[in-house]
$ cat start-v5.cif   # mmCIF, C-alpha atoms
data_start
loop_
_atom_site.group_PDB
_atom_site.id
_atom_site.type_symbol
_atom_site.label_atom_id
_atom_site.label_comp_id
_atom_site.auth_asym_id
_atom_site.auth_seq_id
_atom_site.Cartn_x
_atom_site.Cartn_y
_atom_site.Cartn_z
ATOM 1 C CA MET G 1 0.000 0.000 0.000
ATOM 2 C CA LYS G 2 2.830 2.357 0.897
ATOM 3 C CA ARG G 3 4.457 1.684 -2.478
ATOM 4 C CA LYS G 4 1.192 2.451 -4.242
ATOM 5 C CA VAL G 5 0.802 5.753 -2.372
ATOM 6 C CA ALA G 6 4.431 6.655 -3.078
ATOM 7 C CA GLY G 7 3.883 5.915 -6.747
ATOM 8 C CA LEU G 8 0.832 8.158 -6.844
ATOM 9 C CA VAL G 9 2.754 10.961 -5.152
ATOM 10 C CA LEU G 10 5.608 10.604 -7.647
ATOM 11 C CA ALA G 11 3.168 10.639 -10.563
ATOM 12 C CA ALA G 12 1.516 13.764 -9.202
ATOM 13 C CA THR G 13 4.891 15.432 -8.749
ATOM 14 C CA LEU G 14 5.909 14.620 -12.298
ATOM 15 C CA ALA G 15 2.592 15.954 -13.578
ATOM 16 C CA LEU G 16 3.274 19.258 -11.880
ATOM 17 C CA THR G 17 6.938 19.609 -12.743
ATOM 18 C CA GLY G 18 7.434 17.785 -16.021
ATOM 19 C CA ALA G 19 7.758 19.757 -19.251
ATOM 20 C CA GLY G 20 4.681 19.910 -21.417
ATOM 21 C CA GLU G 21 2.184 18.366 -18.979
ATOM 22 C CA ALA G 22 -1.482 19.054 -19.698
ATOM 23 C CA VAL G 23 -2.319 20.789 -16.420
ATOM 24 C CA ALA G 24 -4.025 24.143 -16.016
ATOM 25 C CA ARG G 25 -1.273 26.734 -16.062
ATOM 26 C CA THR G 26 -0.824 30.483 -16.378
ATOM 27 C CA ILE G 27 1.573 32.232 -18.733
ATOM 28 C CA LEU G 28 2.474 35.896 -19.164
ATOM 29 C CA PHE G 29 4.055 37.306 -22.317
ATOM 30 C CA VAL G 30 6.004 40.549 -21.793
ATOM 31 C CA GLY G 31 7.387 42.298 -24.850
ATOM 32 C CA ASN G 32 6.958 44.834 -27.607
ATOM 33 C CA SER G 33 5.822 44.818 -31.239
ATOM 34 C CA PHE G 34 7.639 41.526 -31.854
ATOM 35 C CA THR G 35 5.196 39.958 -29.387
ATOM 36 C CA TYR G 36 2.005 41.800 -30.314
ATOM 37 C CA GLY G 37 2.422 41.242 -34.043
ATOM 38 C CA HIS G 38 2.994 44.665 -35.592
ATOM 39 C CA GLY G 39 2.584 44.811 -39.360
ATOM 40 C CA SER G 40 0.314 41.781 -39.657
ATOM 41 C CA PRO G 41 -3.237 40.577 -38.888
ATOM 42 C CA VAL G 42 -1.739 38.698 -35.931
ATOM 43 C CA ARG G 43 -1.914 41.887 -33.858
ATOM 44 C CA ARG G 44 -5.726 41.730 -33.646
ATOM 45 C CA TYR G 45 -6.028 37.969 -33.841
ATOM 46 C CA HIS G 46 -8.715 36.803 -31.370
ATOM 47 C CA PRO G 47 -7.919 39.128 -28.453
ATOM 48 C CA GLU G 48 -10.839 37.616 -26.536
ATOM 49 C CA ARG G 49 -8.830 34.421 -26.105
ATOM 50 C CA VAL G 50 -6.185 36.159 -24.004
ATOM 51 C CA MET G 51 -5.992 38.757 -21.241
ATOM 52 C CA ASP G 52 -4.351 41.989 -22.392
ATOM 53 C CA LEU G 53 -3.240 43.623 -19.125
ATOM 54 C CA ASN G 54 -3.081 47.001 -20.886
ATOM 55 C CA GLY G 55 -6.627 46.722 -22.254
ATOM 56 C CA GLU G 56 -5.523 47.527 -25.805
ATOM 57 C CA GLY G 57 -7.285 44.642 -27.541
ATOM 58 C CA VAL G 58 -4.097 42.842 -28.552
ATOM 59 C CA GLY G 59 -4.137 39.157 -29.474
ATOM 60 C CA GLY G 60 -0.716 38.779 -31.065
ATOM 61 C CA VAL G 61 1.619 35.852 -30.642
ATOM 62 C CA PRO G 62 0.014 35.050 -27.252
ATOM 63 C CA ALA G 63 -3.326 34.445 -28.996
ATOM 64 C CA LEU G 64 -1.605 32.090 -31.446
ATOM 65 C CA PHE G 65 -0.092 30.239 -28.478
ATOM 66 C CA LYS G 66 -3.524 29.967 -26.860
ATOM 67 C CA THR G 67 -5.067 28.709 -30.103
ATOM 68 C CA PHE G 68 -2.393 26.032 -30.451
ATOM 69 C CA ALA G 69 -2.865 25.011 -26.802
ATOM 70 C CA ASP G 70 -6.631 24.676 -27.165
ATOM 71 C CA GLN G 71 -6.217 22.452 -30.198
ATOM 72 C CA ALA G 72 -3.765 20.294 -28.243
ATOM 73 C CA GLY G 73 -6.222 19.931 -25.369
ATOM 74 C CA LEU G 74 -4.048 21.966 -22.983
ATOM 75 C CA ASP G 75 -5.530 24.376 -20.457
ATOM 76 C CA TRP G 76 -3.357 27.488 -20.551
ATOM 77 C CA GLN G 77 -4.569 30.848 -19.233
ATOM 78 C CA VAL G 78 -2.679 33.373 -21.372
ATOM 79 C CA SER G 79 -1.980 37.007 -20.486
ATOM 80 C CA LEU G 80 0.173 39.656 -22.132
ATOM 81 C CA GLU G 81 1.690 43.042 -21.395
ATOM 82 C CA THR G 82 3.225 44.743 -24.426
ATOM 83 C CA ALA G 83 4.442 48.189 -25.459
ATOM 84 C CA GLY G 84 5.797 49.108 -28.886
ATOM 85 C CA GLY G 85 9.470 50.030 -29.167
ATOM 86 C CA GLN G 86 10.278 49.280 -25.550
ATOM 87 C CA ASP G 87 12.876 47.170 -23.810
ATOM 88 C CA LEU G 88 12.661 45.044 -20.687
ATOM 89 C CA ALA G 89 13.748 47.941 -18.485
ATOM 90 C CA PHE G 90 10.563 49.784 -19.497
ATOM 91 C CA HIS G 91 8.354 46.913 -18.379
ATOM 92 C CA LEU G 92 10.243 46.646 -15.111
ATOM 93 C CA GLU G 93 10.121 50.357 -14.312
ATOM 94 C CA ARG G 94 6.778 51.415 -15.821
ATOM 95 C CA ARG G 95 4.634 48.276 -15.779
ATOM 96 C CA GLY G 96 6.087 46.401 -12.821
ATOM 97 C CA GLN G 97 3.010 46.747 -10.610
ATOM 98 C CA ARG G 98 0.813 45.513 -13.433
ATOM 99 C CA ILE G 99 2.698 42.262 -13.941
ATOM 100 C CA ASP G 100 3.942 41.563 -10.416
ATOM 101 C CA ARG G 101 1.886 38.510 -9.530
ATOM 102 C CA ALA G 102 2.228 34.745 -9.492
ATOM 103 C CA TRP G 103 2.630 33.111 -12.903
ATOM 104 C CA ASP G 104 3.657 29.601 -13.858
ATOM 105 C CA VAL G 105 5.602 30.754 -16.926
ATOM 106 C CA VAL G 106 6.801 34.219 -17.932
ATOM 107 C CA VAL G 107 8.101 34.950 -21.437
ATOM 108 C CA LEU G 108 10.349 38.024 -21.698
ATOM 109 C CA GLN G 109 11.047 39.559 -25.124
ATOM 110 C CA GLY G 110 13.402 42.522 -25.172
ATOM 111 C CA PHE G 111 14.339 45.223 -27.666
ATOM 112 C CA SER G 112 15.419 43.916 -31.072
ATOM 113 C CA THR G 113 18.937 45.394 -30.767
ATOM 114 C CA LEU G 114 19.036 45.015 -26.964
ATOM 115 C CA ASP G 115 19.554 48.745 -26.308
ATOM 116 C CA ALA G 116 18.104 51.450 -28.572
ATOM 117 C CA ALA G 117 20.718 53.996 -27.493
ATOM 118 C CA ASN G 118 23.644 51.560 -27.670
ATOM 119 C CA PRO G 119 22.751 48.876 -30.217
ATOM 120 C CA GLY G 120 24.222 45.505 -29.388
ATOM 121 C CA ASP G 121 25.213 46.399 -25.815
ATOM 122 C CA PRO G 122 23.718 43.678 -23.561
ATOM 123 C CA THR G 123 24.202 45.462 -20.238
ATOM 124 C CA LYS G 124 20.770 47.063 -19.837
ATOM 125 C CA HIS G 125 18.997 43.991 -21.187
ATOM 126 C CA VAL G 126 20.777 41.624 -18.803
ATOM 127 C CA VAL G 127 20.138 43.779 -15.738
ATOM 128 C CA ALA G 128 16.443 44.204 -16.507
ATOM 129 C CA ALA G 129 15.929 40.531 -17.387
ATOM 130 C CA ARG G 130 17.454 39.415 -14.103
ATOM 131 C CA ALA G 131 15.439 41.966 -12.108
ATOM 132 C CA LEU G 132 12.191 40.873 -13.754
ATOM 133 C CA ALA G 133 13.046 37.233 -13.092
ATOM 134 C CA ASP G 134 13.730 38.034 -9.425
ATOM 135 C CA MET G 135 10.369 39.790 -9.167
ATOM 136 C CA MET G 136 8.545 36.835 -10.703
ATOM 137 C CA LEU G 137 10.426 34.421 -8.452
ATOM 138 C CA ARG G 138 9.286 36.266 -5.352
ATOM 139 C CA ALA G 139 5.670 35.926 -6.470
ATOM 140 C CA ASN G 140 6.047 32.238 -7.352
ATOM 141 C CA PRO G 141 9.229 30.355 -6.383
ATOM 142 C CA ARG G 142 8.467 27.712 -9.043
ATOM 143 C CA VAL G 143 8.053 30.125 -11.952
ATOM 144 C CA SER G 144 9.819 29.380 -15.230
ATOM 145 C CA VAL G 145 11.176 32.526 -16.885
ATOM 146 C CA ARG G 146 11.997 32.220 -20.594
ATOM 147 C CA LEU G 147 13.874 34.811 -22.642
ATOM 148 C CA VAL G 148 13.080 35.149 -26.346
ATOM 149 C CA SER G 149 16.041 35.103 -28.722
ATOM 150 C CA THR G 150 14.499 37.158 -31.501
ATOM 151 C CA TRP G 151 14.971 37.127 -35.270
ATOM 152 C CA PRO G 152 17.468 39.018 -37.433
ATOM 153 C CA ARG G 153 16.374 42.301 -38.998
ATOM 154 C CA ALA G 154 16.826 42.493 -42.755
ATOM 155 C CA ASP G 155 16.797 46.296 -42.619
ATOM 156 C CA LEU G 156 19.856 46.325 -40.365
ATOM 157 C CA ALA G 157 21.744 43.683 -42.324
ATOM 158 C CA TYR G 158 21.165 44.927 -45.866
ATOM 159 C CA ARG G 159 20.962 48.715 -45.480
ATOM 160 C CA PRO G 160 23.967 50.884 -44.536
ATOM 161 C CA GLY G 161 24.392 52.624 -41.197
ATOM 162 C CA SER G 162 23.885 49.911 -38.608
ATOM 163 C CA PRO G 163 26.397 47.843 -36.618
ATOM 164 C CA TRP G 164 25.193 44.806 -38.592
ATOM 165 C CA SER G 165 25.379 46.349 -42.076
ATOM 166 C CA GLY G 166 27.190 44.051 -44.485
ATOM 167 C CA LYS G 167 27.400 41.218 -41.975
ATOM 168 C CA PRO G 168 25.654 37.872 -42.408
ATOM 169 C CA VAL G 169 21.926 38.078 -41.733
ATOM 170 C CA ALA G 170 22.464 35.757 -38.762
ATOM 171 C CA ALA G 171 24.661 38.264 -36.907
ATOM 172 C CA LEU G 172 21.968 40.204 -35.039
ATOM 173 C CA ALA G 173 20.127 37.050 -34.006
ATOM 174 C CA GLU G 174 23.338 35.712 -32.512
ATOM 175 C CA THR G 175 23.953 39.023 -30.694
ATOM 176 C CA VAL G 176 20.575 38.720 -28.975
ATOM 177 C CA ALA G 177 21.024 35.013 -28.258
ATOM 178 C CA GLN G 178 24.408 35.696 -26.655
ATOM 179 C CA ALA G 179 22.882 38.419 -24.443
ATOM 180 C CA ASN G 180 20.225 35.971 -23.286
ATOM 181 C CA ARG G 181 22.881 33.376 -22.492
ATOM 182 C CA LEU G 182 24.698 36.023 -20.464
ATOM 183 C CA ALA G 183 21.522 36.934 -18.568
ATOM 184 C CA ALA G 184 20.815 33.303 -17.720
ATOM 185 C CA GLU G 185 24.393 32.344 -16.866
ATOM 186 C CA GLY G 186 24.457 30.934 -13.362
ATOM 187 C CA ASN G 187 20.796 31.816 -12.806
ATOM 188 C CA ALA G 188 18.618 28.743 -12.291
ATOM 189 C CA ARG G 189 15.464 30.875 -12.386
ATOM 190 C CA PHE G 190 15.758 31.053 -16.188
ATOM 191 C CA GLY G 191 14.628 28.202 -18.392
ATOM 192 C CA ALA G 192 16.254 27.687 -21.777
ATOM 193 C CA ALA G 193 15.910 30.670 -24.098
ATOM 194 C CA LEU G 194 13.249 30.409 -26.799
ATOM 195 C CA PRO G 195 15.171 30.072 -30.103
ATOM 196 C CA VAL G 196 12.961 32.081 -32.444
ATOM 197 C CA GLY G 197 15.902 33.623 -34.291
ATOM 198 C CA ALA G 198 17.455 30.207 -34.788
ATOM 199 C CA ALA G 199 14.187 28.984 -36.328
ATOM 200 C CA TRP G 200 14.173 31.889 -38.794
ATOM 201 C CA LEU G 201 17.736 31.102 -39.815
ATOM 202 C CA ARG G 202 16.920 27.412 -40.183
ATOM 203 C CA ALA G 203 13.976 28.327 -42.429
ATOM 204 C CA ILE G 204 16.333 30.390 -44.604
ATOM 205 C CA GLU G 205 19.017 27.697 -44.717
ATOM 206 C CA ALA G 206 16.430 25.038 -45.597
ATOM 207 C CA GLY G 207 15.190 27.091 -48.541
ATOM 208 C CA VAL G 208 11.770 27.631 -46.992
ATOM 209 C CA ALA G 209 12.233 31.379 -46.478
ATOM 210 C CA ASP G 210 13.917 34.055 -48.573
ATOM 211 C CA PRO G 211 17.081 35.523 -47.004
ATOM 212 C CA ASN G 212 16.916 39.026 -48.519
ATOM 213 C CA PRO G 213 13.624 40.803 -49.222
ATOM 214 C CA TYR G 214 15.475 43.765 -50.733
ATOM 215 C CA ASP G 215 16.334 41.824 -53.891
ATOM 216 C CA GLY G 216 12.875 40.313 -54.312
ATOM 217 C CA ILE G 217 11.320 37.118 -53.024
ATOM 218 C CA THR G 218 12.373 33.952 -54.821
ATOM 219 C CA PHE G 219 9.540 31.885 -56.261
ATOM 220 C CA ASP G 220 8.154 29.290 -53.835
ATOM 221 C CA LYS G 221 9.851 30.884 -50.835
ATOM 222 C CA ILE G 222 8.127 32.859 -48.103
ATOM 223 C CA ASP G 223 9.034 36.247 -46.677
ATOM 224 C CA LEU G 224 9.283 36.016 -42.895
ATOM 225 C CA TRP G 225 9.486 39.827 -42.684
ATOM 226 C CA THR G 226 6.618 42.226 -43.256
ATOM 227 C CA TRP G 227 6.736 45.324 -45.495
ATOM 228 C CA ASP G 228 9.265 47.207 -43.331
ATOM 229 C CA HIS G 229 11.771 44.292 -43.431
ATOM 230 C CA TYR G 230 12.023 44.744 -39.651
ATOM 231 C CA HIS G 231 8.925 43.211 -38.097
ATOM 232 C CA ALA G 232 7.553 39.795 -38.977
ATOM 233 C CA SER G 233 4.999 38.809 -41.564
ATOM 234 C CA THR G 234 2.057 36.606 -40.625
ATOM 235 C CA GLU G 235 4.252 33.595 -41.407
ATOM 236 C CA GLY G 236 7.081 35.024 -39.304
ATOM 237 C CA TYR G 237 4.879 35.472 -36.248
ATOM 238 C CA TYR G 238 3.393 32.043 -36.848
ATOM 239 C CA LEU G 239 6.880 30.530 -36.719
ATOM 240 C CA GLU G 240 7.647 32.502 -33.555
ATOM 241 C CA ALA G 241 4.510 31.169 -31.890
ATOM 242 C CA LEU G 242 5.236 27.585 -32.977
ATOM 243 C CA VAL G 243 8.707 27.672 -31.442
ATOM 244 C CA GLU G 244 7.485 29.167 -28.187
ATOM 245 C CA PHE G 245 4.544 26.777 -27.976
ATOM 246 C CA GLY G 246 6.673 23.708 -28.606
ATOM 247 C CA ALA G 247 9.438 24.768 -26.233
ATOM 248 C CA ILE G 248 7.116 25.696 -23.366
ATOM 249 C CA THR G 249 4.507 22.929 -23.569
ATOM 250 C CA GLY G 250 6.619 20.084 -24.909
ATOM 251 C CA VAL G 251 4.092 19.425 -27.669
ATOM 252 C CA ASP G 252 5.602 18.659 -31.071
ATOM 253 C CA PRO G 253 4.494 21.546 -33.353
ATOM 254 C CA ARG G 254 4.138 19.081 -36.235
ATOM 255 C CA THR G 255 1.124 17.496 -34.542
ATOM 256 C CA LEU G 256 -0.883 20.651 -35.291
ATOM 257 C CA GLY G 257 -0.926 19.692 -38.954
ATOM 258 C CA ALA G 258 -2.143 21.184 -42.204
ATOM 259 C CA ARG G 259 -5.573 22.056 -40.826
ATOM 260 C CA GLU G 260 -4.228 24.023 -37.879
ATOM 261 C CA ARG G 261 -6.893 26.553 -36.951
ATOM 262 C CA ALA G 262 -4.836 29.775 -36.653
ATOM 263 C CA ALA G 263 -3.219 29.197 -40.046
ATOM 264 C CA GLU G 264 -6.669 28.689 -41.572
ATOM 265 C CA ASP G 265 -8.024 31.816 -39.848
ATOM 266 C CA LEU G 266 -5.123 33.909 -41.121
ATOM 267 C CA GLY G 267 -5.387 32.624 -44.680
ATOM 268 C CA MET G 268 -2.037 30.862 -44.729
ATOM 269 C CA ASN G 269 -1.203 28.219 -47.300
ATOM 270 C CA PRO G 270 -1.584 24.875 -45.465
ATOM 271 C CA GLN G 271 1.632 23.614 -47.041
ATOM 272 C CA VAL G 272 3.487 26.626 -45.651
ATOM 273 C CA ALA G 273 2.004 26.014 -42.202
ATOM 274 C CA VAL G 274 3.261 22.421 -42.283
ATOM 275 C CA ARG G 275 6.719 23.483 -43.459
ATOM 276 C CA LEU G 276 6.968 26.018 -40.638
ATOM 277 C CA GLN G 277 5.815 23.418 -38.120
ATOM 278 C CA GLN G 278 8.635 21.196 -39.361
ATOM 279 C CA ILE G 279 11.176 24.020 -39.045
ATOM 280 C CA ALA G 280 10.023 24.705 -35.469
ATOM 281 C CA ALA G 281 10.307 21.019 -34.576
ATOM 282 C CA GLU G 282 13.812 20.760 -36.047
ATOM 283 C CA THR G 283 14.909 23.897 -34.199
ATOM 284 C CA LEU G 284 13.694 22.353 -30.947
ATOM 285 C CA GLY G 285 15.673 19.204 -31.658
ATOM 286 C CA LEU G 286 12.720 16.932 -32.406
ATOM 287 C CA ALA G 287 13.648 14.120 -34.757
ATOM 288 C CA GLY G 288 11.770 11.365 -36.543
ATOM 289 C CA ALA G 289 8.037 11.202 -37.043
ATOM 290 C CA PRO G 290 5.831 13.378 -34.838
ATOM 291 C CA ALA G 291 3.871 11.872 -31.979
ATOM 292 C CA PRO G 292 0.177 11.099 -32.530
ATOM 293 C CA ALA G 293 -1.917 14.214 -33.110
ATOM 294 C CA PRO G 294 -3.302 15.798 -29.922
ATOM 295 C CA VAL G 295 -6.971 16.274 -29.131
ATOM 296 C CA ARG G 296 -8.445 18.966 -31.353
ATOM 297 C CA LYS G 297 -10.776 21.716 -30.184
ATOM 298 C CA ARG G 298 -12.153 23.615 -33.134
#

$ encode --input "start-v5.cif" --output "structure tokens"
Amino acid sequence: MKRKVAGLVLAATLALTGAGEAVARTILFVGNSFTYGHGSPVRRYHPERVMDLNGEGVGGVPALFKTFADQAGLDWQVSLETAGGQDLAFHLERRGQRIDRAWDVVVLQGFSTLDAANPGDPTKHVVAARALADMMLRANPRVSVRLVSTWPRADLAYRPGSPWSGKPVAALAETVAQANRLAAEGNARFGAALPVGAAWLRAIEAGVADPNPYDGITFDKIDLWTWDHYHASTEGYYLEALVEFGAITGVDPRTLGARERAAEDLGMNPQVAVRLQQIAAETLGLAGAPAPAPVRKR
């Protein structure tokens, strides 16, 4: 009898602590236009499915995450706090009281060049990320804080005048990823960074996405950037959401399939949706055939 009780306790513990378990959980997305979906229909995608703490009617990437979770039969309560053109220090200093509560998972997305005044300098980003993580830890000692390693900006790589001008398109993404590694170094409160930039680069290397929108889009390739070559297109935000969903929940993005609801709602080519699901899965290190499809809620 004691062994049976011990086994039940262990199973319950694993259900609470294991990655990707289908338990009711809360998640907060903190970020800027890269999170709320500037330049695409994603910005106003089903805001009723999420809680916008600013009351601005944003759906964004968090609403895509929620839509994926519902289709997978997962109970996630999704909230967001976003502000265009801002870094993590802004959210800490100006929105701290709004977000200072207990969450199971917190996703932090900083400024695209880390520091608007000193592009590429990680100092401000690292300090703010650690302070936000400390705040979240005080509210919930078991919180998982995840930093987003964002995508490269074509405008900074292919136009003159930026620190990344003339460098490989991957350079900015690696700058951000390195800053996130620095922030998390020696800090157990951070989970693994969310490799959105790596997924974009994989899509380019695999011939799924075009590497340079300034010289035209090659036939049969997608443009992950929107019209300003800075923010993401619908497909770019979709890939972002797939990576974050797979990394946080443990669900293989490929199980969403060609009839995935958000892709249908947004008018995406089903074949493109499947290709992006594959890119997300590869980026997350998932090999072989996907697991059986999850329960669908449509």

$ resolve_selection --input "start-v5.cif" --expression "the PyMOL selection byres ((chain G and resi 57) around 8)" --output "ChimeraX atom specification"
/G:44,47-48,52,55-56,58-59

$ write_last_selection --input "start-v5.cif" --atoms "C-alpha atoms" --output "tab-separated table (two decimals), in the frame of the given file"
chain	number	residue	atom	x	y	z
G	44	ARG	CA	-5.73	41.73	-33.65
G	47	PRO	CA	-7.92	39.13	-28.45
G	48	GLU	CA	-10.84	37.62	-26.54
G	52	ASP	CA	-4.35	41.99	-22.39
G	55	GLY	CA	-6.63	46.72	-22.25
G	56	GLU	CA	-5.52	47.53	-25.80
G	58	VAL	CA	-4.10	42.84	-28.55
G	59	GLY	CA	-4.14	39.16	-29.47

$ resolve_selection --input "start-v5.cif" --expression "the PyMOL selection byres ((chain G and resi 180) around 9)" --output "list in words"
Pro122, His125, Val126, Ala129, Leu147, Val148, Ser149, Thr175, Val176, Ala177, Gln178, Ala179, Arg181, Leu182, Ala183, Ala184, Glu185 and Ala193 of chain G

$ closest_atom_pairs --input "start-v5.cif" --of "stretch 134-160 of chain G" --to "stretch 225-246 of chain G" --cutoff "6 Å" --atoms "only C-alpha atoms" --output "CSV"
residue,atom,partner,partner_atom,distance
G:Arg153,CA,G:Tyr230,CA,5.0
G:Ala154,CA,G:His229,CA,5.4
G:Asp155,CA,G:His229,CA,5.5

$ resolve_selection --input "start-v5.cif" --expression "the PyMOL selection byres ((chain G and resi 208) around 9)" --output "list in words"
Arg202, Ala203, Ile204, Glu205, Ala206, Gly207, Ala209, Asp210, Asp220, Lys221, Ile222, Val272, Arg275, Leu276 and Ile279 of chain G

$ atom_distance --input "start-v5.cif" --atom1 "atom CA of G:Gly110" --atom2 "atom CA of G:Asn32"
7.3 Å

$ atom_distance --input "start-v5.cif" --atom1 "atom CA of G:Arg138" --atom2 "atom CA of G:Asp115"
26.5 Å

$ atom_distance --input "start-v5.cif" --atom1 "atom CA of G:Thr26" --atom2 "atom CA of G:Asp104"
5.2 Å

$ closest_residue --input "start-v5.cif" --among "G:Thr123, G:Gln109, G:Gln97, G:Gln77" --to "G:Tyr36" --atoms "all atoms listed in the file"
G:Gln109

$ closest_residue --input "start-v5.cif" --among "G:Leu256, G:Leu201, G:Ala131, G:Ala263" --to "G:Thr283" --atoms "all atoms listed in the file"
G:Leu201

$ closest_residue --input "start-v5.cif" --among "G:Ala188, G:Thr82, G:Gly267, G:Thr255" --to "G:Pro141" --atoms "all atoms listed in the file"
G:Ala188

$ axis_aligned_box --input "start-v5.cif" --around "stretch 149-157 of chain G" --padding-each-side "6 Å" --output "AutoDock Vina command-line options"
--center_x 18.1 --center_y 40.7 --center_z -35.7 --size_x 19.2 --size_y 23.2 --size_z 26.0

$ build_atoms --input "start-v5.cif" --residues "stretch 273-288 of chain G" --atoms "N, CA and C atoms" --output "mmCIF file, in the coordinates of the input"
data_model
loop_
_atom_site.group_PDB
_atom_site.id
_atom_site.type_symbol
_atom_site.label_atom_id
_atom_site.label_comp_id
_atom_site.auth_asym_id
_atom_site.auth_seq_id
_atom_site.Cartn_x
_atom_site.Cartn_y
_atom_site.Cartn_z
ATOM 1 N N ALA G 273 2.180 26.269 -43.631
ATOM 2 C CA ALA G 273 2.004 26.014 -42.202
ATOM 3 C C ALA G 273 2.736 24.745 -41.792
ATOM 4 N N VAL G 274 2.600 23.692 -42.589
ATOM 5 C CA VAL G 274 3.261 22.421 -42.283
ATOM 6 C C VAL G 274 4.779 22.565 -42.353
ATOM 7 N N ARG G 275 5.271 23.291 -43.335
ATOM 8 C CA ARG G 275 6.719 23.483 -43.459
ATOM 9 C C ARG G 275 7.269 24.255 -42.261
ATOM 10 N N LEU G 276 6.528 25.245 -41.796
ATOM 11 C CA LEU G 276 6.968 26.018 -40.638
ATOM 12 C C LEU G 276 6.884 25.187 -39.361
ATOM 13 N N GLN G 277 5.894 24.335 -39.260
ATOM 14 C CA GLN G 277 5.815 23.418 -38.120
ATOM 15 C C GLN G 277 7.030 22.497 -38.094
ATOM 16 N N GLN G 278 7.461 22.049 -39.264
ATOM 17 C CA GLN G 278 8.635 21.196 -39.361
ATOM 18 C C GLN G 278 9.899 21.958 -38.952
ATOM 19 N N ILE G 279 10.018 23.198 -39.414
ATOM 20 C CA ILE G 279 11.176 24.020 -39.045
ATOM 21 C C ILE G 279 11.220 24.220 -37.532
ATOM 22 N N ALA G 280 10.073 24.514 -36.923
ATOM 23 C CA ALA G 280 10.023 24.705 -35.469
ATOM 24 C C ALA G 280 10.458 23.440 -34.748
ATOM 25 N N ALA G 281 9.962 22.291 -35.207
ATOM 26 C CA ALA G 281 10.307 21.019 -34.576
ATOM 27 C C ALA G 281 11.802 20.746 -34.687
ATOM 28 N N GLU G 282 12.376 20.983 -35.861
ATOM 29 C CA GLU G 282 13.812 20.760 -36.047
ATOM 30 C C GLU G 282 14.628 21.684 -35.151
ATOM 31 N N THR G 283 14.205 22.934 -35.045
ATOM 32 C CA THR G 283 14.909 23.897 -34.199
ATOM 33 C C THR G 283 14.907 23.449 -32.743
ATOM 34 N N LEU G 284 13.818 22.817 -32.329
ATOM 35 C CA LEU G 284 13.694 22.353 -30.947
ATOM 36 C C LEU G 284 14.331 20.984 -30.735
ATOM 37 N N GLY G 285 14.955 20.451 -31.791
ATOM 38 C CA GLY G 285 15.673 19.204 -31.658
ATOM 39 C C GLY G 285 14.814 17.966 -31.711
ATOM 40 N N LEU G 286 13.621 18.077 -32.298
ATOM 41 C CA LEU G 286 12.720 16.932 -32.406
ATOM 42 C C LEU G 286 13.013 16.189 -33.696
ATOM 43 N N ALA G 287 13.288 14.919 -33.592
ATOM 44 C CA ALA G 287 13.648 14.120 -34.757
ATOM 45 C C ALA G 287 12.602 13.051 -35.023
ATOM 46 N N GLY G 288 12.670 12.456 -36.210
ATOM 47 C CA GLY G 288 11.770 11.365 -36.543
ATOM 48 C C GLY G 288 10.358 11.827 -36.791
#
